[in-house]
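Worksheet for the structure shown next.
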Amino acid sequence: MITVLMPVYNEGKYIYNNVMKVDSLLIEKGIEHQFLLVDDGSNDNTWDEMCRLASDYPHVSIIRLSRNFGKESALCAGLENAAGDAVVIMDSDLQHPPEYIPEMVRLWREEGYNVVEGVKEDRGKESLGSKLAALLFYRTFRRTTGIDIGVASDFKLMDRSAVEAWKKLPERNIFFRGLSAWVGFKRCTLPFKVAPRAGGDTKWTFSALVRLAINSITAYTAAPLFIVFWLGVLMGIGAVILGIQTLYNYFAHQSVPGFSTVILLLLFIGSAIMISLSIIGLYIAKIYDEVKARPRYIIMSKKGNAFFEQ
Ligand code: UDP
Ligand code: MG
């Protein structure tokens, strides 16, 4: 039995049809399945549509979060409640083509993989800006954390053992792609072509993406702290050189009112302090988040019978 897990945010118009599409495909391939849909605090008719699905089909279970917690949290809520022997995670806009699910299931069942990762063969239709931003992000992530999630996506199959291991990770700031790679297990990749959106628009805003990028890098590594360190070293060398020059001028009785030096120093030190403080601040914010130990999400209502017994 597999659970198909979809985070859903403001997809009211399409969610019913999208789920039906996946359903008929899986039935046709004879794959025993159930659906778990997580409404991430949508403000359109998504929840009504999901209720309609759940009452029309007993194998559709639904969860509603009390507000928009973000896709990563919606996935948490889903994974912690999914009952299947394996969980297939996919976008509800069908940009992760359901045609690949049977192959994922085959790799899990017949070849014994615990995790089957969907990797993007190409990124589909995207603006040059977002392609560049993605490239920059994945480069930085690999360089700083040593974990290569290059073409990874959230489209994947995780079996019970991988899900259980993943559920034990306690942190609040999560980046699903990174954490599901971190747990390890026997894994393989399955290339897929990103499909065009089945209606509607992307739910990501630029600032949400920047937040996700910063969160995911600081959640994995303290490398940005080393930038401050090297900046400090660089400034130290500069200070020694300038210091020697100033002393030399002083003893050679050449000391002139060195306004430019003072201003330069002020600028340098000022900006270095600013950068350092902001980086330290980021980590303090993270510590703050973790010690608060808030729940990652809050469930408002739950319907259906496909839940994991807790
Ligand atoms: N999503 C979500 N919460 C959010 C934003 C998005 O649950 O705050 C869901 C959305 O419904 C979809 C998936 O995450 O199933 C991917 O979102 P989207 O298609 O907007 O992102 P893109 O494909 O453009 O990266
Ligand atoms: Mg999408």
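How things are named: the first chain in the structure tokens is A, the next is B, and so on; residues count from 1 in each chain; ligands count from 1 in the order shown.
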
message: Show me, as a ChimeraX atom specification, the residues that have an atom within 8 Å of Asn305 in chain A when counting only C-alpha atoms, minus same-chain residues fewer than 6 positions from it.
response: /A:58-59,61

Dump as a compact mmCIF listing (two decimals), in the first residue's frame, selection limited to all heavy atoms:
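Contents of selection.txt, freshly written:
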# COMPACT_ATOMS: atom_id res chain seq x y z
N PRO A 58 -13.35 7.05 -0.33
CA PRO A 58 -12.91 6.69 1.01
C PRO A 58 -11.38 6.57 1.11
O PRO A 58 -10.85 6.60 2.22
CB PRO A 58 -13.58 5.35 1.27
CG PRO A 58 -13.99 4.85 -0.07
CD PRO A 58 -14.19 6.01 -0.95
N HIS A 59 -10.69 6.43 0.01
CA HIS A 59 -9.23 6.30 0.12
C HIS A 59 -8.51 7.65 0.02
O HIS A 59 -7.31 7.71 -0.14
CB HIS A 59 -8.69 5.31 -0.91
CG HIS A 59 -8.83 5.77 -2.33
ND1 HIS A 59 -10.03 6.10 -2.89
CD2 HIS A 59 -7.90 5.99 -3.29
CE1 HIS A 59 -9.85 6.48 -4.14
NE2 HIS A 59 -8.57 6.44 -4.41
N SER A 61 -7.67 10.89 2.23
CA SER A 61 -7.69 11.49 3.57
C SER A 61 -7.15 12.90 3.45
O SER A 61 -6.31 13.18 2.60
CB SER A 61 -6.82 10.70 4.53
OG SER A 61 -7.33 9.40 4.65

Expected selection as a VMD selection string for ligand 2 within 8 Å, only C-alpha atoms and all ligand atoms: chain A and resid 91 to 95 196 to 197 201 to 203

Serialized selection, N, CA and C atoms, as a PDB file, in the first residue's frame:
ATOM      1  N   ASP A  91       3.973  17.206  -6.046  1.00  0.00           N
ATOM      2  CA  ASP A  91       3.262  18.474  -6.068  1.00  0.00           C
ATOM      3  C   ASP A  91       1.830  18.261  -6.555  1.00  0.00           C
ATOM      4  N   SER A  92       0.916  19.032  -5.999  1.00  0.00           N
ATOM      5  CA  SER A  92      -0.484  18.853  -6.373  1.00  0.00           C
ATOM      6  C   SER A  92      -0.805  19.506  -7.712  1.00  0.00           C
ATOM      7  N   ASP A  93       0.147  20.258  -8.282  1.00  0.00           N
ATOM      8  CA  ASP A  93      -0.133  20.860  -9.587  1.00  0.00           C
ATOM      9  C   ASP A  93       0.305  19.935 -10.725  1.00  0.00           C
ATOM     10  N   LEU A  94       0.692  18.700 -10.371  1.00  0.00           N
ATOM     11  CA  LEU A  94       1.124  17.677 -11.323  1.00  0.00           C
ATOM     12  C   LEU A  94       2.349  18.074 -12.126  1.00  0.00           C
ATOM     13  N   GLN A  95       3.153  19.015 -11.585  1.00  0.00           N
ATOM     14  CA  GLN A  95       4.425  19.297 -12.264  1.00  0.00           C
ATOM     15  C   GLN A  95       5.372  18.120 -12.080  1.00  0.00           C
ATOM     16  N   PRO A 196       4.438  21.075 -17.357  1.00  0.00           N
ATOM     17  CA  PRO A 196       3.881  22.411 -17.099  1.00  0.00           C
ATOM     18  C   PRO A 196       2.830  22.314 -16.009  1.00  0.00           C
ATOM     19  N   ARG A 197       2.599  23.411 -15.301  1.00  0.00           N
ATOM     20  CA  ARG A 197       1.622  23.450 -14.242  1.00  0.00           C
ATOM     21  C   ARG A 197       0.236  23.080 -14.770  1.00  0.00           C
ATOM     22  N   ASP A 201      -1.130  29.442 -10.866  1.00  0.00           N
ATOM     23  CA  ASP A 201       0.196  30.053 -10.882  1.00  0.00           C
ATOM     24  C   ASP A 201       1.051  29.509  -9.768  1.00  0.00           C
ATOM     25  N   THR A 202       2.347  29.719  -9.889  1.00  0.00           N
ATOM     26  CA  THR A 202       3.237  29.293  -8.820  1.00  0.00           C
ATOM     27  C   THR A 202       2.901  30.024  -7.526  1.00  0.00           C
ATOM     28  N   LYS A 203       3.085  29.326  -6.380  1.00  0.00           N
ATOM     29  CA  LYS A 203       2.709  29.916  -5.104  1.00  0.00           C
ATOM     30  C   LYS A 203       3.902  30.548  -4.407  1.00  0.00           C
TER      31      LYS A 203
END

message: Calculated over only C-alpha atoms and all ligand atoms, which of the candidates A:Val233, A:Met90, A:Ala54, A:Leu107 has the smallest distance to ligand 1?
response: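 The answer is A:Met90, which sits nearest to ligand 1.
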
task: List all protein, DNA and RNA residues that have any atom at most 10 Å from ligand 1, counting only C-alpha atoms and all ligand atoms, and write the list as a PyMOL selection string.
output: chain A and resi 5-12+15+37-42+46+65+67-75+89-96+123-126+153-154+194-205+208-209

query: Quick one: residues within 12 Å of Ser55 in chain A, only C-alpha atoms counted, chain neighbours fewer than 4 positions away excluded, as a ChimeraX atom specification?
result: /A:16,48-51,59-62,303-305

How would the residues just picked look written out with N, CA, C and O atoms as a tab-separated table (two decimals), in the first residue's frame?
chain	number	residue	atom	x	y	z
A	16	TYR	N	-9.31	18.74	-7.50
A	16	TYR	CA	-10.18	17.58	-7.70
A	16	TYR	C	-9.74	16.78	-8.93
A	16	TYR	O	-9.49	15.58	-8.86
A	48	ASP	N	-12.84	22.98	0.69
A	48	ASP	CA	-14.15	22.45	0.29
A	48	ASP	C	-13.98	21.36	-0.76
A	48	ASP	O	-14.63	20.31	-0.71
A	49	GLU	N	-13.10	21.65	-1.72
A	49	GLU	CA	-12.85	20.67	-2.78
A	49	GLU	C	-12.24	19.40	-2.20
A	49	GLU	O	-12.58	18.29	-2.61
A	50	MET	N	-11.36	19.57	-1.23
A	50	MET	CA	-10.73	18.40	-0.62
A	50	MET	C	-11.76	17.60	0.18
A	50	MET	O	-11.74	16.36	0.16
A	51	CYS	N	-12.68	18.30	0.85
A	51	CYS	CA	-13.75	17.60	1.58
A	51	CYS	C	-14.61	16.81	0.60
A	51	CYS	O	-15.05	15.69	0.87
A	59	HIS	N	-10.69	6.43	0.01
A	59	HIS	CA	-9.23	6.30	0.12
A	59	HIS	C	-8.51	7.65	0.02
A	59	HIS	O	-7.31	7.71	-0.14
A	60	VAL	N	-9.30	8.73	0.13
A	60	VAL	CA	-8.68	10.06	0.18
A	60	VAL	C	-8.81	10.60	1.60
A	60	VAL	O	-9.91	10.73	2.12
A	61	SER	N	-7.67	10.89	2.23
A	61	SER	CA	-7.69	11.49	3.57
A	61	SER	C	-7.15	12.90	3.45
A	61	SER	O	-6.31	13.18	2.60
A	62	ILE	N	-7.64	13.76	4.31
A	62	ILE	CA	-7.24	15.15	4.19
A	62	ILE	C	-6.89	15.75	5.54
A	62	ILE	O	-7.44	15.36	6.57
A	303	LYS	N	-9.79	14.34	8.21
A	303	LYS	CA	-10.88	13.45	7.84
A	303	LYS	C	-10.31	12.27	7.10
A	303	LYS	O	-9.33	12.42	6.37
A	304	GLY	N	-10.96	11.11	7.23
A	304	GLY	CA	-10.51	9.94	6.48
A	304	GLY	C	-10.00	8.86	7.40
A	304	GLY	O	-9.94	9.03	8.61
A	305	ASN	N	-9.61	7.74	6.77
A	305	ASN	CA	-9.21	6.61	7.61
A	305	ASN	C	-7.84	6.07	7.22
A	305	ASN	O	-7.49	4.96	7.56

As a JSON list (two decimals) with C-alpha atoms, in the first residue's frame, which residues of range 13-239 of chain A does DSSP assign to alpha helix (DSSP H)?
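Saved as result-v7.json:
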[["chain", "number", "residue", "atom", "x", "y", "z"],
["A", 15, "ILE", "CA", -7.14, 19.81, -7.07],
["A", 16, "TYR", "CA", -10.18, 17.58, -7.70],
["A", 17, "ASN", "CA", -9.22, 16.82, -11.29],
["A", 18, "ASN", "CA", -5.55, 16.46, -10.49],
["A", 19, "VAL", "CA", -6.20, 13.87, -7.81],
["A", 20, "MET", "CA", -8.61, 12.05, -10.13],
["A", 21, "LYS", "CA", -5.93, 11.92, -12.82],
["A", 22, "VAL", "CA", -3.38, 10.34, -10.50],
["A", 23, "ASP", "CA", -6.05, 8.00, -9.11],
["A", 24, "SER", "CA", -7.10, 6.60, -12.47],
["A", 25, "LEU", "CA", -3.50, 6.16, -13.54],
["A", 26, "LEU", "CA", -2.64, 4.19, -10.39],
["A", 27, "ILE", "CA", -5.78, 2.08, -10.68],
["A", 28, "GLU", "CA", -4.93, 1.32, -14.29],
["A", 46, "THR", "CA", -9.33, 24.26, -1.69],
["A", 47, "TRP", "CA", -10.57, 22.80, 1.60],
["A", 48, "ASP", "CA", -14.15, 22.45, 0.29],
["A", 49, "GLU", "CA", -12.85, 20.67, -2.78],
["A", 50, "MET", "CA", -10.73, 18.40, -0.62],
["A", 51, "CYS", "CA", -13.75, 17.60, 1.58],
["A", 52, "ARG", "CA", -15.67, 16.77, -1.58],
["A", 53, "LEU", "CA", -12.87, 14.39, -2.61],
["A", 54, "ALA", "CA", -12.77, 12.77, 0.83],
["A", 55, "SER", "CA", -16.50, 12.17, 0.90],
["A", 56, "ASP", "CA", -16.59, 10.90, -2.69],
["A", 71, "LYS", "CA", 5.30, 23.65, 1.80],
["A", 72, "GLU", "CA", 8.03, 22.14, 4.00],
["A", 73, "SER", "CA", 5.77, 22.13, 7.05],
["A", 74, "ALA", "CA", 2.85, 20.77, 5.05],
["A", 75, "LEU", "CA", 5.10, 17.89, 3.99],
["A", 76, "CYS", "CA", 5.98, 17.28, 7.65],
["A", 77, "ALA", "CA", 2.35, 17.12, 8.62],
["A", 78, "GLY", "CA", 1.77, 14.67, 5.79],
["A", 79, "LEU", "CA", 4.74, 12.42, 6.48],
["A", 80, "GLU", "CA", 3.95, 12.19, 10.18],
["A", 81, "ASN", "CA", 0.42, 11.10, 9.36],
["A", 101, "ILE", "CA", 5.02, 6.66, -9.96],
["A", 102, "PRO", "CA", 4.74, 3.07, -11.22],
["A", 103, "GLU", "CA", 8.49, 3.04, -11.93],
["A", 104, "MET", "CA", 9.21, 4.45, -8.45],
["A", 105, "VAL", "CA", 7.05, 1.77, -6.90],
["A", 106, "ARG", "CA", 8.77, -0.91, -8.98],
["A", 107, "LEU", "CA", 12.23, 0.26, -7.85],
["A", 108, "TRP", "CA", 11.07, 0.11, -4.24],
["A", 109, "ARG", "CA", 9.23, -3.22, -4.41],
["A", 110, "GLU", "CA", 11.41, -5.19, -6.76],
["A", 111, "GLU", "CA", 14.84, -3.71, -6.31],
["A", 128, "LEU", "CA", 16.23, 32.91, -17.03],
["A", 129, "GLY", "CA", 16.31, 34.73, -13.68],
["A", 130, "SER", "CA", 14.92, 31.81, -11.71],
["A", 131, "LYS", "CA", 17.22, 29.36, -13.56],
["A", 132, "LEU", "CA", 20.23, 31.48, -12.60],
["A", 133, "ALA", "CA", 19.02, 31.86, -9.02],
["A", 134, "ALA", "CA", 18.55, 28.08, -8.73],
["A", 135, "LEU", "CA", 22.03, 27.47, -10.14],
["A", 136, "LEU", "CA", 23.58, 29.93, -7.68],
["A", 137, "PHE", "CA", 21.68, 28.41, -4.77],
["A", 138, "TYR", "CA", 22.58, 24.79, -5.50],
["A", 139, "ARG", "CA", 26.26, 25.74, -6.06],
["A", 140, "THR", "CA", 26.39, 27.56, -2.74],
["A", 141, "PHE", "CA", 24.59, 24.72, -1.00],
["A", 142, "ARG", "CA", 26.99, 22.09, -2.33],
["A", 143, "ARG", "CA", 30.11, 24.14, -1.64],
["A", 144, "THR", "CA", 29.13, 25.03, 1.91],
["A", 145, "THR", "CA", 27.45, 21.83, 3.10],
["A", 160, "ARG", "CA", 8.47, 3.17, 5.97],
["A", 161, "SER", "CA", 12.00, 2.86, 7.36],
["A", 162, "ALA", "CA", 13.15, 6.10, 5.71],
["A", 163, "VAL", "CA", 10.00, 7.92, 6.84],
["A", 164, "GLU", "CA", 10.41, 6.71, 10.42],
["A", 165, "ALA", "CA", 14.06, 7.84, 10.46],
["A", 166, "TRP", "CA", 13.10, 11.18, 9.01],
["A", 167, "LYS", "CA", 10.38, 11.65, 11.63],
["A", 176, "PHE", "CA", 12.85, 18.67, 2.94],
["A", 177, "ARG", "CA", 15.18, 17.97, 0.05],
["A", 178, "GLY", "CA", 18.22, 18.29, 2.27],
["A", 179, "LEU", "CA", 16.88, 16.34, 5.24],
["A", 180, "SER", "CA", 15.60, 13.45, 3.20],
["A", 181, "ALA", "CA", 19.09, 13.16, 1.69],
["A", 182, "TRP", "CA", 20.64, 13.39, 5.16],
["A", 206, "PHE", "CA", 10.64, 35.90, -4.48],
["A", 207, "SER", "CA", 10.99, 36.62, -0.78],
["A", 208, "ALA", "CA", 9.68, 33.17, 0.17],
["A", 209, "LEU", "CA", 12.33, 31.60, -2.05],
["A", 210, "VAL", "CA", 15.10, 33.76, -0.56],
["A", 211, "ARG", "CA", 13.92, 32.74, 2.91],
["A", 212, "LEU", "CA", 13.94, 29.07, 1.93],
["A", 213, "ALA", "CA", 17.46, 29.42, 0.51],
["A", 214, "ILE", "CA", 18.84, 31.13, 3.62],
["A", 215, "ASN", "CA", 17.03, 28.69, 5.93],
["A", 216, "SER", "CA", 18.29, 25.66, 4.13],
["A", 217, "ILE", "CA", 21.92, 26.76, 4.05],
["A", 218, "THR", "CA", 22.08, 27.89, 7.67],
["A", 219, "ALA", "CA", 20.19, 24.77, 8.75],
["A", 220, "TYR", "CA", 22.96, 22.56, 7.39],
["A", 223, "ALA", "CA", 30.10, 27.83, 6.79],
["A", 224, "PRO", "CA", 28.88, 31.44, 6.65],
["A", 225, "LEU", "CA", 30.58, 31.92, 10.02],
["A", 226, "PHE", "CA", 33.87, 31.12, 8.30],
["A", 227, "ILE", "CA", 33.31, 33.99, 5.89],
["A", 228, "VAL", "CA", 33.40, 36.28, 8.90],
["A", 229, "PHE", "CA", 36.57, 34.59, 10.06],
["A", 230, "TRP", "CA", 38.36, 35.10, 6.74],
["A", 231, "LEU", "CA", 37.07, 38.64, 6.53],
["A", 232, "GLY", "CA", 38.61, 39.20, 9.94],
["A", 233, "VAL", "CA", 41.94, 37.75, 8.80],
["A", 234, "LEU", "CA", 41.92, 39.96, 5.70],
["A", 235, "MET", "CA", 41.15, 43.04, 7.75],
["A", 236, "GLY", "CA", 43.88, 42.10, 10.20],
["A", 237, "ILE", "CA", 46.49, 41.97, 7.43],
["A", 238, "GLY", "CA", 45.28, 45.30, 6.07],
["A", 239, "ALA", "CA", 45.44, 46.80, 9.54]]

message: For Val116 in chain A, find every residue with an atom within 9 Å (counting only C-alpha atoms), except residues of its own chain fewer than 2 positions away, and show them as a ChimeraX atom specification.
response: /A:104-105,107-108,113-114,118,155-159,186-190

I need the residues from that last selection saved to file as a compact mmCIF listing (two decimals), in the first residue's frame (with N, CA, C and O atoms), if you can.
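Heads up, here's the output in again_1.txt:
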# COMPACT_ATOMS: atom_id res chain seq x y z
N MET A 104 8.71 4.26 -9.82
CA MET A 104 9.21 4.45 -8.45
C MET A 104 8.82 3.26 -7.59
O MET A 104 9.64 2.72 -6.83
N VAL A 105 7.56 2.87 -7.72
CA VAL A 105 7.05 1.77 -6.90
C VAL A 105 7.78 0.47 -7.26
O VAL A 105 8.13 -0.33 -6.38
N LEU A 107 10.87 0.19 -8.41
CA LEU A 107 12.23 0.26 -7.85
C LEU A 107 12.22 -0.06 -6.36
O LEU A 107 13.13 -0.71 -5.84
N TRP A 108 11.17 0.37 -5.67
CA TRP A 108 11.07 0.11 -4.24
C TRP A 108 10.74 -1.36 -3.97
O TRP A 108 11.41 -2.05 -3.21
N TYR A 113 14.91 -0.58 -3.03
CA TYR A 113 15.40 0.73 -2.62
C TYR A 113 14.48 1.32 -1.56
O TYR A 113 13.26 1.17 -1.64
N ASN A 114 15.08 1.99 -0.56
CA ASN A 114 14.27 2.62 0.49
C ASN A 114 13.78 3.99 0.06
O ASN A 114 12.74 4.47 0.49
N GLY A 118 13.19 11.56 -7.29
CA GLY A 118 12.96 12.13 -8.61
C GLY A 118 13.98 13.23 -8.84
O GLY A 118 14.14 14.10 -7.99
N PHE A 155 9.90 15.43 -5.46
CA PHE A 155 9.18 14.29 -6.01
C PHE A 155 9.95 13.04 -5.62
O PHE A 155 11.03 12.80 -6.14
N LYS A 156 9.43 12.26 -4.68
CA LYS A 156 10.18 11.08 -4.30
C LYS A 156 9.31 10.05 -3.60
O LYS A 156 8.21 10.34 -3.15
N LEU A 157 9.86 8.85 -3.55
CA LEU A 157 9.22 7.78 -2.78
C LEU A 157 10.11 7.49 -1.58
O LEU A 157 11.32 7.37 -1.72
N MET A 158 9.51 7.43 -0.40
CA MET A 158 10.25 7.03 0.79
C MET A 158 9.51 5.85 1.41
O MET A 158 8.30 5.92 1.56
N ASP A 159 10.24 4.80 1.75
CA ASP A 159 9.54 3.68 2.36
C ASP A 159 9.43 3.90 3.87
O ASP A 159 9.93 4.89 4.40
N LYS A 186 19.26 3.06 1.42
CA LYS A 186 19.54 2.60 0.06
C LYS A 186 18.68 3.43 -0.89
O LYS A 186 17.46 3.37 -0.84
N ARG A 187 19.36 4.22 -1.71
CA ARG A 187 18.59 5.15 -2.52
C ARG A 187 19.00 5.10 -3.98
O ARG A 187 20.09 4.69 -4.32
N CYS A 188 18.09 5.48 -4.85
CA CYS A 188 18.43 5.59 -6.26
C CYS A 188 17.69 6.78 -6.83
O CYS A 188 16.80 7.34 -6.19
N THR A 189 18.08 7.16 -8.03
CA THR A 189 17.44 8.34 -8.63
C THR A 189 16.65 7.94 -9.86
O THR A 189 16.92 6.93 -10.49
N LEU A 190 15.65 8.73 -10.15
CA LEU A 190 14.81 8.49 -11.31
C LEU A 190 14.62 9.84 -12.01
O LEU A 190 13.97 10.72 -11.48

message: If I take CA of Glu99 in chain A and CA of Ile63 in chain A, how far is one from the other in Å, to one decimal?
response: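 Value for the CA of Glu99 in chain A-CA of Ile63 in chain A distance: 25.0 Å.
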